[in-house]
Amino acid sequence: MTTDHLTHNRLPHHARHAASKVPEVTVYFWIIKVLTTGMGETASDFLARVLGPVPAVGLGGIALMAALAAQFAVRRYVAWVYWVAIVMVSVFGTMAADVLHVGLGVPYALSTPFFMAALAAVFALWYRSEGTLSIHSVHTRRRETFYWAAVLATFALGTAAGDLTATIGLGYLGSAVLYAAAIAVPAVVHRWGSLNAVAAFWAAYVITRPLGASVADWMAVGHSRGGLDLGLGPVTLSWTMAILGFVGYLAVSRKDIQHDGMP
């Protein structure tokens with residue numbers, strides 16, 4: 001699903017020319033999105049193991065606030081600034097889901113619908129306030145606030161959902177296969193069914209989280225848990241390097257800059 005598919009619901013002419021705070025949705029967008037989900041999953045677990053859960057959450061929260069402050073400070077989409085913010089949302093979103101489960105003992109079967117309800121509430125407030133959930137309408141401070149609240153909720157929801165399926169018998173590899181198949185559903189239903197572009201985008205966006213996290217966990221965990229036993233540190237580092245490579249390419253090529261006439 002690309003930006004062209006998300007422009008069916010056209011905005012007024014003046015809105016289309018407003019400075020965009022999000023990237024153009026291309027194949028690179030989806031690749032980096034999946035990479036950030038996996039990197040955030042293993043980075044969160046690695047930091048919690050090395051620093052301890054409380055210091056890790058504290059540092060994650062501070063880093064997230066700093067990254068979002070930088071994102072809100074720029075006047076238009078900047079690849080490095082945007083994707084650093086996404087990475088920190090990924091790390092902290094994982095921590096939020098893990099705190100409920102590990103720290104408070106809330107089972108994934110309860111935290112998953114909880115985060116689903118939280119995301120639904122964000123969408124409801126966003127739509128009631130702005131009349132659209134299109135990411136290509138994110139050109140005001142209020143819409144950007146709703147956007148990042150939704151992004152944070154999707155990461156927390158995806159983390160809980162991925163861990164839920166992994167712990168009920170599917171394992172990490174089985175979960176990865178499940179979500180790899182599931183992520184195609186929104187595009188297919190949008191293409192040949194009645195699902196509109198905005199709903200299809202957000203459905204796929206949510207699924208990228210458990211997909212990337214399941215693959216990264218499968219690579220990192222030990223053989224006794226059905227994984228490749230590569231370790232949290234090496235997996236985090238390798239996925240980070242891949243993210244840096246793709247974001248660096250986009251920063252230079254500017255292939256993810258929204259073009260004139262696209263909202």
# chains A, B, ... in the order shown; residues from 1 in each chain; ligands from 1
>>> select_by_dssp(residues="segment 2-174 of chain A", states="helix (DSSP H, G or I)", output="JSON, numbers by chain")
{"A": [3, 4, 5, 6, 7, 13, 14, 15, 16, 27, 28, 29, 30, 31, 32, 33, 34, 35, 36, 37, 38, 39, 40, 41, 42, 43, 44, 45, 46, 47, 48, 49, 50, 51, 53, 54, 55, 56, 57, 58, 59, 60, 61, 62, 63, 64, 65, 66, 67, 68, 69, 70, 71, 72, 73, 79, 80, 81, 82, 83, 84, 85, 86, 87, 88, 89, 90, 91, 92, 93, 94, 95, 96, 97, 98, 99, 100, 101, 102, 103, 108, 109, 110, 111, 112, 113, 114, 115, 116, 117, 118, 119, 120, 121, 122, 123, 124, 125, 126, 127, 128, 129, 130, 135, 136, 137, 141, 142, 143, 144, 145, 146, 147, 148, 149, 150, 151, 152, 153, 154, 155, 156, 157, 158, 159, 160, 161, 162, 163, 164, 165, 166, 167, 168, 169, 170, 171, 172, 173, 174]}
>>> write_last_selection(atoms="C-alpha atoms", output="short mmCIF file (atom, residue, chain, number, x, y, z; two decimals), in the first residue's frame")
data_model
loop_
_atom_site.label_atom_id
_atom_site.label_comp_id
_atom_site.auth_asym_id
_atom_site.auth_seq_id
_atom_site.Cartn_x
_atom_site.Cartn_y
_atom_site.Cartn_z
CA THR A 3 0.84 6.96 -0.91
CA ASP A 4 -1.04 6.79 -4.21
CA HIS A 5 -3.54 4.42 -2.57
CA LEU A 6 -3.99 6.76 0.37
CA THR A 7 -4.92 9.79 -1.70
CA HIS A 13 -5.95 22.28 -2.28
CA HIS A 14 -4.33 24.42 0.42
CA ALA A 15 -3.97 21.40 2.72
CA ARG A 16 -2.18 19.37 0.06
CA VAL A 27 8.00 0.02 -0.02
CA TYR A 28 10.86 1.64 1.92
CA PHE A 29 8.38 2.88 4.51
CA TRP A 30 7.13 -0.64 5.19
CA ILE A 31 10.62 -2.16 5.25
CA ILE A 32 11.91 0.37 7.78
CA LYS A 33 8.72 0.11 9.81
CA VAL A 34 9.14 -3.65 10.21
CA LEU A 35 12.83 -3.22 11.03
CA THR A 36 12.07 -0.67 13.75
CA THR A 37 9.52 -3.00 15.33
CA GLY A 38 12.01 -5.84 15.62
CA MET A 39 14.84 -3.61 16.76
CA GLY A 40 12.59 -2.00 19.38
CA GLU A 41 11.57 -5.40 20.74
CA THR A 42 15.08 -6.74 21.23
CA ALA A 43 16.55 -3.39 22.29
CA SER A 44 13.95 -3.08 25.03
CA ASP A 45 14.68 -6.59 26.32
CA PHE A 46 18.44 -6.00 26.08
CA LEU A 47 18.30 -2.74 28.03
CA ALA A 48 16.07 -4.27 30.70
CA ARG A 49 18.54 -7.12 31.11
CA VAL A 50 21.64 -4.91 31.24
CA LEU A 51 20.31 -1.92 33.20
CA PRO A 53 13.68 -2.80 34.24
CA VAL A 54 13.23 0.47 36.16
CA PRO A 55 16.33 2.32 34.81
CA ALA A 56 15.58 0.98 31.31
CA VAL A 57 12.02 2.33 31.37
CA GLY A 58 13.25 5.66 32.75
CA LEU A 59 15.90 6.07 30.06
CA GLY A 60 13.47 4.89 27.40
CA GLY A 61 10.91 7.47 28.49
CA ILE A 62 13.46 10.30 28.48
CA ALA A 63 14.78 9.28 25.05
CA LEU A 64 11.23 9.07 23.69
CA MET A 65 10.36 12.56 24.94
CA ALA A 66 13.57 13.95 23.43
CA ALA A 67 12.90 12.26 20.08
CA LEU A 68 9.30 13.50 19.95
CA ALA A 69 10.40 17.01 20.95
CA ALA A 70 12.77 17.03 17.98
CA GLN A 71 10.03 15.71 15.68
CA PHE A 72 7.57 18.39 16.79
CA ALA A 73 10.25 21.08 16.47
CA ALA A 79 13.95 11.35 7.58
CA TRP A 80 16.43 11.06 10.46
CA VAL A 81 14.26 12.94 12.92
CA TYR A 82 11.09 11.02 12.04
CA TRP A 83 12.62 7.55 12.13
CA VAL A 84 14.53 8.16 15.37
CA ALA A 85 11.17 9.05 16.91
CA ILE A 86 9.64 5.84 15.50
CA VAL A 87 12.52 3.78 16.92
CA MET A 88 12.06 5.31 20.37
CA VAL A 89 8.30 4.74 20.21
CA SER A 90 9.06 1.13 19.33
CA VAL A 91 11.41 0.71 22.29
CA PHE A 92 9.13 2.45 24.77
CA GLY A 93 5.98 0.80 23.39
CA THR A 94 7.57 -2.57 24.07
CA MET A 95 8.44 -1.46 27.58
CA ALA A 96 4.87 -0.29 28.21
CA ALA A 97 3.44 -3.66 27.23
CA ASP A 98 6.11 -5.53 29.20
CA VAL A 99 5.52 -3.43 32.33
CA LEU A 100 1.87 -4.46 32.37
CA HIS A 101 2.75 -8.12 31.94
CA VAL A 102 6.00 -8.55 33.88
CA GLY A 103 5.70 -5.73 36.40
CA TYR A 108 -1.38 -10.75 27.43
CA ALA A 109 -4.97 -11.93 26.94
CA LEU A 110 -6.06 -8.82 28.88
CA SER A 111 -3.38 -6.31 27.82
CA THR A 112 -4.02 -6.98 24.12
CA PRO A 113 -7.70 -5.90 24.21
CA PHE A 114 -6.74 -3.08 26.60
CA PHE A 115 -4.30 -1.59 24.09
CA MET A 116 -6.81 -2.26 21.31
CA ALA A 117 -9.37 -0.18 23.20
CA ALA A 118 -6.77 2.53 23.81
CA LEU A 119 -6.01 2.70 20.08
CA ALA A 120 -9.72 2.80 19.24
CA ALA A 121 -10.15 5.69 21.69
CA VAL A 122 -7.30 7.62 20.05
CA PHE A 123 -8.81 7.06 16.61
CA ALA A 124 -12.26 8.11 17.82
CA LEU A 125 -10.97 11.33 19.36
CA TRP A 126 -8.80 12.05 16.32
CA TYR A 127 -11.67 11.55 13.89
CA ARG A 128 -14.13 13.50 16.02
CA SER A 129 -11.71 16.42 16.23
CA GLU A 130 -10.32 16.43 12.70
CA ILE A 135 -1.65 10.32 7.70
CA HIS A 136 -1.41 12.74 4.80
CA SER A 137 -3.41 15.30 6.75
CA ARG A 141 0.32 20.40 15.81
CA ARG A 142 -2.96 18.88 16.98
CA ARG A 143 -3.10 16.31 14.19
CA GLU A 144 0.54 15.44 14.81
CA THR A 145 -0.26 14.85 18.48
CA PHE A 146 -3.08 12.47 17.54
CA TYR A 147 -0.80 10.75 15.03
CA TRP A 148 1.94 10.01 17.53
CA ALA A 149 -0.55 8.92 20.18
CA ALA A 150 -1.92 6.43 17.64
CA VAL A 151 1.58 5.27 16.70
CA LEU A 152 2.47 4.66 20.36
CA ALA A 153 -0.77 2.73 20.90
CA THR A 154 -0.14 0.56 17.80
CA PHE A 155 3.30 -0.39 19.07
CA ALA A 156 2.03 -1.33 22.52
CA LEU A 157 -0.87 -3.28 20.99
CA GLY A 158 1.38 -5.09 18.53
CA THR A 159 3.83 -6.04 21.27
CA ALA A 160 1.10 -7.52 23.45
CA ALA A 161 -0.53 -9.33 20.51
CA GLY A 162 2.77 -10.77 19.32
CA ASP A 163 3.68 -12.05 22.77
CA LEU A 164 0.17 -13.45 23.18
CA THR A 165 0.36 -15.62 20.08
CA ALA A 166 3.93 -16.65 20.88
CA THR A 167 2.95 -17.90 24.34
CA ILE A 168 -0.22 -19.78 23.43
CA GLY A 169 1.52 -22.41 21.33
CA LEU A 170 2.56 -20.76 18.07
CA GLY A 171 6.03 -19.74 19.21
CA TYR A 172 7.96 -16.87 17.66
CA LEU A 173 8.45 -18.44 14.23
CA GLY A 174 4.81 -19.53 14.04
#
>>> residues_around(residues="Lys21 of chain A", least_positions_apart="2", cutoff="8 Å", atoms="only C-alpha atoms", output="PDB file with N, CA and C atoms, in the first residue's frame")
ATOM      1  N   ALA A  19       3.162  21.805   4.711  1.00  0.00           N
ATOM      2  CA  ALA A  19       4.353  21.018   5.002  1.00  0.00           C
ATOM      3  C   ALA A  19       3.963  19.714   5.683  1.00  0.00           C
ATOM      4  N   PRO A  23       6.397  10.660   6.152  1.00  0.00           N
ATOM      5  CA  PRO A  23       6.983  10.305   4.864  1.00  0.00           C
ATOM      6  C   PRO A  23       5.948   9.818   3.858  1.00  0.00           C
ATOM      7  N   ARG A  75       9.758  21.630  10.974  1.00  0.00           N
ATOM      8  CA  ARG A  75       8.576  22.181  10.314  1.00  0.00           C
ATOM      9  C   ARG A  75       8.017  21.260   9.238  1.00  0.00           C
ATOM     10  N   ARG A  76       8.797  20.297   8.808  1.00  0.00           N
ATOM     11  CA  ARG A  76       8.330  19.341   7.809  1.00  0.00           C
ATOM     12  C   ARG A  76       9.031  18.007   8.052  1.00  0.00           C
ATOM     13  N   TYR A  77       8.682  17.016   7.260  1.00  0.00           N
ATOM     14  CA  TYR A  77       9.267  15.697   7.439  1.00  0.00           C
ATOM     15  C   TYR A  77      10.770  15.713   7.185  1.00  0.00           C
ATOM     16  N   VAL A  78      11.541  15.201   8.141  1.00  0.00           N
ATOM     17  CA  VAL A  78      12.981  14.997   8.022  1.00  0.00           C
ATOM     18  C   VAL A  78      13.247  13.535   8.357  1.00  0.00           C
ATOM     19  N   VAL A 138      -1.510  15.182   8.264  1.00  0.00           N
ATOM     20  CA  VAL A 138      -0.754  15.535   9.468  1.00  0.00           C
ATOM     21  C   VAL A 138       0.125  16.748   9.184  1.00  0.00           C
ATOM     22  N   HIS A 139      -0.487  17.917   9.274  1.00  0.00           N
ATOM     23  CA  HIS A 139       0.260  19.147   9.012  1.00  0.00           C
ATOM     24  C   HIS A 139      -0.068  20.243  10.023  1.00  0.00           C
ATOM     25  N   GLU A 144      -0.700  16.160  14.551  1.00  0.00           N
ATOM     26  CA  GLU A 144       0.536  15.441  14.809  1.00  0.00           C
ATOM     27  C   GLU A 144       0.498  14.776  16.184  1.00  0.00           C
TER      28      GLU A 144
END
>>> atom_distance(atom1="atom CA of Thr26 of chain A", atom2="atom CA of Val252 of chain A")
15.6 Å
>>> closest_residue(among="A:His190, A:Gly226, A:Ala180, A:Val235", to="Pro210 of chain A", atoms="only C-alpha atoms")
A:Ala180
>>> atom_distance(atom1="atom CA of Ser134 of chain A", atom2="atom CA of Thr240 of chain A")
28.4 Å
>>> atom_distance(atom1="atom CA of Ala187 of chain A", atom2="atom CA of Ser238 of chain A")
29.1 Å
>>> closest_residue(among="A:Ala200, A:Leu228, A:Leu104, A:Val189", to="Val215 of chain A", atoms="only C-alpha atoms")
A:Leu228
